file target38.cif (mmCIF, C-alpha atoms, pLDDT in the B column; chains and numbers go by the auth columns)
data_model
loop_
_atom_site.group_PDB
_atom_site.id
_atom_site.type_symbol
_atom_site.label_atom_id
_atom_site.label_comp_id
_atom_site.label_asym_id
_atom_site.label_seq_id
_atom_site.Cartn_x
_atom_site.Cartn_y
_atom_site.Cartn_z
_atom_site.B_iso_or_equiv
_atom_site.auth_seq_id
_atom_site.auth_asym_id
ATOM 1 C CA MET A 1 102.234 102.017 112.574 57.00 1 A
ATOM 2 C CA THR A 2 101.671 100.813 109.034 79.00 2 A
ATOM 3 C CA ASP A 3 100.440 97.309 108.383 87.00 3 A
ATOM 4 C CA HIS A 4 102.973 95.715 106.053 92.00 4 A
ATOM 5 C CA TYR A 5 100.736 92.721 105.452 92.00 5 A
ATOM 6 C CA ALA A 6 97.916 94.987 104.257 90.00 6 A
ATOM 7 C CA ALA A 7 100.338 96.880 101.995 91.00 7 A
ATOM 8 C CA LEU A 8 101.034 93.617 100.195 93.00 8 A
ATOM 9 C CA GLY A 9 97.463 92.361 100.468 92.00 9 A
ATOM 10 C CA LEU A 10 98.453 89.351 102.567 91.00 10 A
ATOM 11 C CA GLY A 11 97.558 87.729 105.854 88.00 11 A
ATOM 12 C CA SER A 12 100.050 87.260 108.668 87.00 12 A
ATOM 13 C CA ALA A 13 100.400 83.539 107.853 89.00 13 A
ATOM 14 C CA ALA A 14 101.894 84.277 104.423 92.00 14 A
ATOM 15 C CA THR A 15 104.950 82.317 103.344 94.00 15 A
ATOM 16 C CA LEU A 16 108.086 83.858 101.879 95.00 16 A
ATOM 17 C CA ALA A 17 106.965 82.737 98.406 96.00 17 A
ATOM 18 C CA ASP A 18 103.610 84.508 98.939 95.00 18 A
ATOM 19 C CA ILE A 19 105.422 87.664 100.050 96.00 19 A
ATOM 20 C CA LYS A 20 107.705 87.654 96.999 96.00 20 A
ATOM 21 C CA LYS A 21 104.796 87.066 94.619 96.00 21 A
ATOM 22 C CA ALA A 22 102.673 89.821 96.175 95.00 22 A
ATOM 23 C CA PHE A 23 105.643 92.209 96.135 96.00 23 A
ATOM 24 C CA ARG A 24 106.265 91.641 92.425 96.00 24 A
ATOM 25 C CA GLN A 25 102.587 92.179 91.605 96.00 25 A
ATOM 26 C CA LYS A 26 102.175 95.316 93.726 95.00 26 A
ATOM 27 C CA ALA A 27 105.530 96.780 92.686 94.00 27 A
ATOM 28 C CA SER A 28 104.677 96.456 89.005 94.00 28 A
ATOM 29 C CA LEU A 29 101.224 97.915 89.648 94.00 29 A
ATOM 30 C CA TYR A 30 102.448 100.973 91.591 94.00 30 A
ATOM 31 C CA HIS A 31 105.834 101.568 89.942 93.00 31 A
ATOM 32 C CA PRO A 32 106.014 105.291 89.110 90.00 32 A
ATOM 33 C CA ASP A 33 107.271 104.554 85.579 91.00 33 A
ATOM 34 C CA ARG A 34 104.123 102.520 84.846 91.00 34 A
ATOM 35 C CA ASN A 35 101.523 104.252 87.007 91.00 35 A
ATOM 36 C CA THR A 36 101.054 108.008 86.661 91.00 36 A
ATOM 37 C CA ALA A 37 98.571 108.331 89.533 91.00 37 A
ATOM 38 C CA PRO A 38 99.652 110.887 92.150 92.00 38 A
ATOM 39 C CA GLU A 39 99.566 108.310 94.977 92.00 39 A
ATOM 40 C CA ALA A 40 101.583 105.676 93.052 91.00 40 A
ATOM 41 C CA PRO A 41 105.063 106.668 94.358 93.00 41 A
ATOM 42 C CA ALA A 42 103.896 106.610 97.998 92.00 42 A
ATOM 43 C CA ARG A 43 102.229 103.221 97.558 93.00 43 A
ATOM 44 C CA PHE A 44 105.315 101.903 95.775 95.00 44 A
ATOM 45 C CA ARG A 45 107.499 102.984 98.730 95.00 45 A
ATOM 46 C CA ALA A 46 105.059 101.333 101.157 94.00 46 A
ATOM 47 C CA VAL A 47 105.228 98.088 99.171 95.00 47 A
ATOM 48 C CA GLN A 48 109.046 98.244 99.134 96.00 48 A
ATOM 49 C CA GLU A 49 109.198 98.859 102.880 96.00 49 A
ATOM 50 C CA ALA A 50 106.774 96.018 103.547 95.00 50 A
ATOM 51 C CA TYR A 51 108.858 93.643 101.443 96.00 51 A
ATOM 52 C CA ASP A 52 112.090 94.724 103.163 96.00 52 A
ATOM 53 C CA VAL A 53 110.616 93.945 106.576 95.00 53 A
ATOM 54 C CA LEU A 54 108.657 90.797 105.763 96.00 54 A
ATOM 55 C CA SER A 55 111.297 89.097 103.611 95.00 55 A
ATOM 56 C CA ASP A 56 113.948 89.235 106.354 96.00 56 A
ATOM 57 C CA PRO A 57 113.226 86.585 109.042 94.00 57 A
ATOM 58 C CA ASP A 58 114.639 88.657 111.921 95.00 58 A
ATOM 59 C CA LYS A 59 112.875 91.875 110.928 95.00 59 A
ATOM 60 C CA ARG A 60 109.635 89.969 110.347 94.00 60 A
ATOM 61 C CA GLN A 61 109.804 88.357 113.781 93.00 61 A
ATOM 62 C CA ALA A 62 110.407 91.730 115.434 91.00 62 A
ATOM 63 C CA TYR A 63 107.565 93.278 113.402 92.00 63 A
ATOM 64 C CA ASP A 64 105.165 90.443 114.285 90.00 64 A
ATOM 65 C CA ASP A 65 106.077 90.716 117.980 87.00 65 A
ATOM 66 C CA ASN A 66 105.518 94.464 117.931 86.00 66 A
ATOM 67 C CA ARG A 67 102.271 94.017 116.016 83.00 67 A
ATOM 68 C CA ARG A 68 100.921 91.570 118.586 80.00 68 A
ATOM 69 C CA ARG A 69 101.970 93.872 121.413 77.00 69 A
ATOM 70 C CA ASN A 70 100.196 96.825 119.795 71.00 70 A
ATOM 71 C CA LEU A 71 97.030 94.791 119.373 64.00 71 A
ATOM 72 C CA LEU A 72 97.036 94.168 123.098 58.00 72 A
ATOM 73 C CA ASP A 73 97.926 97.756 124.044 59.00 73 A
ATOM 74 C CA SER A 74 95.315 99.526 121.929 67.00 74 A
ATOM 75 C CA PRO A 75 93.003 97.151 120.090 70.00 75 A
ATOM 76 C CA ILE A 76 90.551 99.854 118.988 76.00 76 A
ATOM 77 C CA ASP A 77 93.235 102.044 117.408 75.00 77 A
ATOM 78 C CA THR A 78 94.895 99.057 115.774 69.00 78 A
ATOM 79 C CA ALA A 79 91.594 97.757 114.410 76.00 79 A
ATOM 80 C CA ARG A 80 90.816 101.218 113.024 80.00 80 A
ATOM 81 C CA ASP A 81 94.233 101.428 111.318 77.00 81 A
ATOM 82 C CA ILE A 82 93.902 97.967 109.823 77.00 82 A
ATOM 83 C CA TRP A 83 90.378 98.727 108.620 80.00 83 A
ATOM 84 C CA LEU A 84 91.416 102.024 107.012 81.00 84 A
ATOM 85 C CA ASN A 85 94.485 100.434 105.390 78.00 85 A
ATOM 86 C CA TYR A 86 92.337 97.616 104.058 76.00 86 A
ATOM 87 C CA PHE A 87 89.909 99.977 102.368 73.00 87 A
ATOM 88 C CA SER A 88 92.595 102.323 101.059 71.00 88 A
ATOM 89 C CA ALA A 89 94.218 99.346 99.326 65.00 89 A
ATOM 90 C CA LEU A 90 90.920 98.439 97.692 64.00 90 A
ATOM 91 C CA LEU A 91 90.135 101.945 96.497 60.00 91 A
#

call {"tool": "encode", "arguments": {"input": "target38.cif", "output": "structure tokens"}}
result
Amino acid sequence: MTDHYAALGLGSAATLADIKKAFRQKASLYHPDRNTAPEAPARFRAVQEAYDVLSDPDKRQAYDDNRRRNLLDSPIDTARDIWLNYFSALL
């Protein structure tokens, strides 16, 4: 499971305005027409998917519920995924 909040560089308490702002920044940074790095298209798609889920109130609620459930089911695996996603966004 990908962490949509990490893809946008946000915390789970982010408002819709925060989500829109982060999406615009990340989308312009990773847009394939502006960024020629080999990983740019994949990161751009991840940012788009994160925005699609987090900007819709129903999808966001379902995602947050599933995210909380996964934290309870396998906290070690979830922590590892979050940690790796955090560092991959920084590098």

call {"tool": "atom_distance", "arguments": {"input": "target38.cif", "atom1": "CA of Ala27 in chain A", "atom2": "CA of Val47 in chain A"}}
result
6.6 Å

call {"tool": "closest_residue", "arguments": {"input": "target38.cif", "among": "A:Arg45, A:Thr2, A:Lys20, A:Ala14", "to": "Pro32 in chain A", "atoms": "only C-alpha atoms"}}
result
A:Arg45

call {"tool": "resolve_selection", "arguments": {"input": "target38.cif", "expression": "the PyMOL selection byres ((chain A and resi 84-86) around 12)", "output": "PyMOL selection string"}}
result
chain A and resi 1-11+43+46+77-83+87-91

call {"tool": "atom_distance", "arguments": {"input": "target38.cif", "atom1": "CA of Ile19 in chain A", "atom2": "CA of Ala42 in chain A"}}
result
19.1 Å

call {"tool": "atom_distance", "arguments": {"input": "target38.cif", "atom1": "CA of Arg34 in chain A", "atom2": "CA of Ala22 in chain A"}}
result
17.1 Å

call {"tool": "resolve_selection", "arguments": {"input": "target38.cif", "expression": "the PyMOL selection byres ((chain A and resi 30) around 7)", "output": "list in words"}}
result
Lys26, Ala27, Ser28, Leu29, His31, Pro32, Asn35, Ala40, Pro41, Arg43 and Phe44 of chain A
